[in-house]
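First up is the structure itself, then whatever we jot down about it.
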Amino acid sequence: MRRKRLEISRKGIFILKRWWIIPALAAILAVGGLAYWGYGLSRDREQIVTYMNNNNQRAFYQLVDHVENMEVMLSKGLVSNSSLQRMMIFSDVWQESYAARETLAQIPVTGPSLTRTSTFLTQAGDYVWSLAKKFVRGEDVKPEEIAKLNELHTEAGFLAAELENIEKSAADRRLTWGEIKTKSEEDMGHEVNVPRGLENINRKMEDFPTLIYDGPFSDHIINREPRGLTGSPVSKDRAAALARRFVETGTSKQYRVVKTEEVNGIIPAFRVYLAPPQQAEATVTVDISQKGGHPLFLLNARVVNKAAISSDKAVSLARSFLEKRNMSDMKPTYFIEQQNTGIVIFEYEQDGVLIYPDLMKVKVALDNGEILGFEGTGFLMNHHDRKLPQPRLSESEALRLVNPNLKITSKRLAVIPRENLEEVLVYEFKGTLRQDSFIVYINAMTGDEEQILKVIETNSGPLMM
Amino acid sequence: MREVKGGKFLVIPLLILAVFSGILIYSRTIAAQTPKLYWGSSGADVSKVQTKLRDWGYYKGPVDGVYGAGTADAVKRFQAKNGLTADGVVGPATWEALGFPTARSGEYQPSRGISARDDIYLLARVVNGEAANEPHLGKVAVAAVILNRVESDKFPNTLAGVIYQPHAFESITNGIANRQPSEESVKAAQDAMNGWDPTQGALFFWNPSKPVSSWIWSRPIITTIGDHVFAK
């Protein structure tokens with residue numbers, strides 16, 4: 001009885017209200033449809049805006065890179081004392097200037113100021129290109145040409161520094177978003193349209209190296225057979241035990257193996273996750289090569305507190321870390337300090353000759369001196385028994401081939417890799433020109449200028465370009 | 001969410017302004033000489049000095065191009081701090097200390113602060129966008145993949161080229177990578193830059209719980225870290 005009444009009343013309501021239900025539904029549908037359409041539009045717009053942003057940001061970051069490279073290469077060209085080397089450096093400068101101009105054109109700003117920068121890039125490129133051609137013809141550089149180069153170098157330095165400042169203010173948000181918006185609207189008067197081709201970036205401009213600061217000759221190891229991987233295969237359990245020993249040696253701590261996994265990269269390895277004493281979480285990772293059980297990689301993810309130990313102390317701790325693990329004859333060559341940690345780069349030393357391809361890196365926590373990281377892939381890829389030749393040039397003969405303007409601060413024999421990974425015996429001369437530091441490598445057999453590196457002191461340590 | 005959205009829309013004006021102002025500053029430095037400035041001077045050169053002093057925290061007043069008491073005070077403090085005669089007059093030495101060398105001769109001028117800072121920051125932003133919730137090792141791994149791509153001949157050869165390659169990274173496509181990176185992400189980017197590569201040369205990574213193209217599973221898998229699969 002009750003149920004029936006309910007049905008009637010429901011039906012009654014329905015009939016009673018039916019007159020407005022349909023238009024209401026239609027209205028809701030219309031509003032919903034409109035909202036969906038609008039949402040679609042705004043989503044599309046957002047996607048396009050993001051896409052444009054990305055293109056602009058890419059152009060901006062690449063411009064910074066190219067101008068920085070120009071500055072560095074111009075300075076190398078000034079330090080070089082060999083026509084051949086200068087010729088190569090100058091053709092690189094020309095390519096960089098070309099690339100910089102291309103990227104500048106990607107940035108949606110027009111006006112006379114831009115033309116000026118573009119003119120500078122063009123002129124610098126053309127000028128060094130004309131010098132490179134002179135070298136090909138075997139002509140000498142005149143003092144006024146060097147003076148002109150110095151000017152170009154200074155200008156490139158200005159441009160690089162200004163671009164970096166811009167990047168910094170953007171990154172640090174020193175200019176707040178609000179300010180930027182109002183200011184850019186004031187400056188530009190109206191929103192700028194960006195109707196540029198979406199993917200018109202010339203392939204040519206991407207053929208330049210970026211900067212990875214990893215020691216002067218860190219190798220980039222792809223598709224190569226490791227040369228230093230000796231020994232027979234180890235089991236998973238053995239790898240875990242080796243990983244523990246690698247971390248524990250020289251400390252009183254006992255680590256717990258949380259899990260062991262396989263890693264099938266360049267050097268097949270077991271990855272061992274270790275938990276420090278009284279900790280549940282595995283914060284330490286160690287890779288042990290499947291062949292020979294060599295340690296490849298160590299990374300401890302713990303938070304590092306305020307630095308309390310000196311860089312000298314950090315270097316000696318890193319050195320003793322290697323020695324205790326029977327990694328002898330490793331000589332510390334560079335130190336980088338960042339975020340309360342120190343990175344020490346070690347090179348193998350054979351009969352007093354520094355072997356740059358055989359490098360290891362150790363990361364030290366500067367709060368208590370604990371070793372937080374180890375990187376031995378480069379060493380294992382390259383290390384082998386080498387028969388070093390007797391240098392055909394004496395040190396003083398080689399020194400005479402170096403630009404006399406460079407104030408030499410240190411000299412030694414070393415082995416460096418060429419681009420094709422061929423190894424050459426060289427004299428390494430470190431020196432300064434005004435406040436800038438350079439390293440010049442003279443082939444010990446032929447006297448050719450093999451390589452010039454510019455050392456850039458950053459807040460976190462030296463940087464090689 | 002609001003902040004992100006705002007950020008996305010404002011990057012364009014930021015970049016435009018940034019590049020524009022930088023180019024202006026730059027063109028001015030090569031165009032203008034560096035005249036002696038003192039109380040009563042005015043013009044663009046005064047603005048230039050005021051801007052520098054304001055950026056470095058010596059000057060609090062407006063950048064109006066008028067050399068008044070405030071500017072003179074700031075200049076004096078700057079001079080005292082930099083071992084110059086604190087006379088409030090911007091001469092060659094002060095111009096030089098402000099970062100505008102006066103000598104335009106053919107002498108070699110030392111470099112002015114090239115750094116890897118922009119690279120680390122850019123890398124950290126993508127790490128933040130792609131792997132914010134991953135463990136430290138997983139963050140380093142994502143950064144390492146990006147750097148491996150820069151080295152690989154299959155990808156563009158600059159960091160920005162790799163990162164902004166269309167549809168290469170989801171967080172770039174949807175703009176999430178424009179957020180300020182966490183300190184964790186910056187540290188991970190640094191570890192990767194310093195040569196630590198937990199992926200041992202990987203060029204690809206993906207999250208298997210998200211829809212990915214089936215092609216990607218044909219890549220030889222190197223390892224899994226956190227939620228990401230890494231492959232050659």
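To be explicit about the labels: the chains of the structure tokens are called A, B, and onward in the order shown, and within each one the residues are counted from 1, while ligands get numbers from 1 in the order they are shown.
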
From region 39-223 of chain B, collect each residue whose DSSP state is strand (DSSP E) and return the set as a ChimeraX atom specification.
/B:204-206,221-223

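Neighbouring residues of Glu349 (chain A) at 10 Å or closer, counting only C-alpha atoms and skipping chain neighbours under 6 positions away, are A:Ser328, A:Asp329, A:Met330, A:Lys331, A:Pro332, A:Ile355, A:Tyr356, A:Asp358, A:Ala414, A:Val415.
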
Would you mind exporting C-alpha atoms of the selected residues as an mmCIF file, in the first residue's frame?
data_model
loop_
_atom_site.group_PDB
_atom_site.id
_atom_site.type_symbol
_atom_site.label_atom_id
_atom_site.label_comp_id
_atom_site.auth_asym_id
_atom_site.auth_seq_id
_atom_site.Cartn_x
_atom_site.Cartn_y
_atom_site.Cartn_z
ATOM 1 C CA SER A 328 97.197 2.481 -5.964
ATOM 2 C CA ASP A 329 99.113 4.902 -8.190
ATOM 3 C CA MET A 330 96.106 7.203 -8.406
ATOM 4 C CA LYS A 331 97.016 10.888 -8.294
ATOM 5 C CA PRO A 332 94.441 13.559 -7.353
ATOM 6 C CA ILE A 355 97.422 8.845 -17.780
ATOM 7 C CA TYR A 356 94.312 11.004 -18.320
ATOM 8 C CA ASP A 358 92.330 6.219 -16.612
ATOM 9 C CA ALA A 414 101.002 13.008 -19.693
ATOM 10 C CA VAL A 415 98.972 10.738 -21.927
#

For region 256-315 of chain A against region 227-230 of chain A, with a cut-off of 12 Å and counting only C-alpha atoms, what is the closest atom pair and its distance in Å to one decimal for every residue that makes the cut, ordered by chain and number, as a Markdown table?
| residue | atom | partner | partner_atom | distance |
| --- | --- | --- | --- | --- |
| A:Ile266 | CA | A:Leu229 | CA | 11.5 |
| A:Ile267 | CA | A:Leu229 | CA | 8.6 |
| A:Pro268 | CA | A:Leu229 | CA | 10.6 |
| A:Ala269 | CA | A:Leu229 | CA | 11.5 |
| A:Ile288 | CA | A:Leu229 | CA | 11.4 |
| A:Ser289 | CA | A:Leu229 | CA | 8.3 |
| A:Gln290 | CA | A:Leu229 | CA | 9.7 |
| A:Lys291 | CA | A:Leu229 | CA | 6.9 |
| A:Gly292 | CA | A:Thr230 | CA | 5.7 |
| A:Gly293 | CA | A:Thr230 | CA | 8.9 |
| A:His294 | CA | A:Leu229 | CA | 7.7 |
| A:Pro295 | CA | A:Leu229 | CA | 10.6 |
| A:Leu296 | CA | A:Leu229 | CA | 10.5 |

Which one of A:Leu29, A:Leu393, A:Val362, A:Ala147 sits closest to chain B if you count only C-alpha atoms?
A:Ala147

Excluding region 217-228 of chain B and any residue of its chain fewer than 2 positions from it, enumerate the residues within 8 Å of it, using only C-alpha atoms, and give them as number ranges by chain.
A: 262-265; B: 134-135, 137-138, 141, 199-200, 202, 205-208, 213-215, 230-232

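Checking B:Gly195, B:Gly65, B:Pro211, B:Gly43 one by one against Val140 (chain B), counting only C-alpha atoms, you find the shortest gap at B:Gly195.
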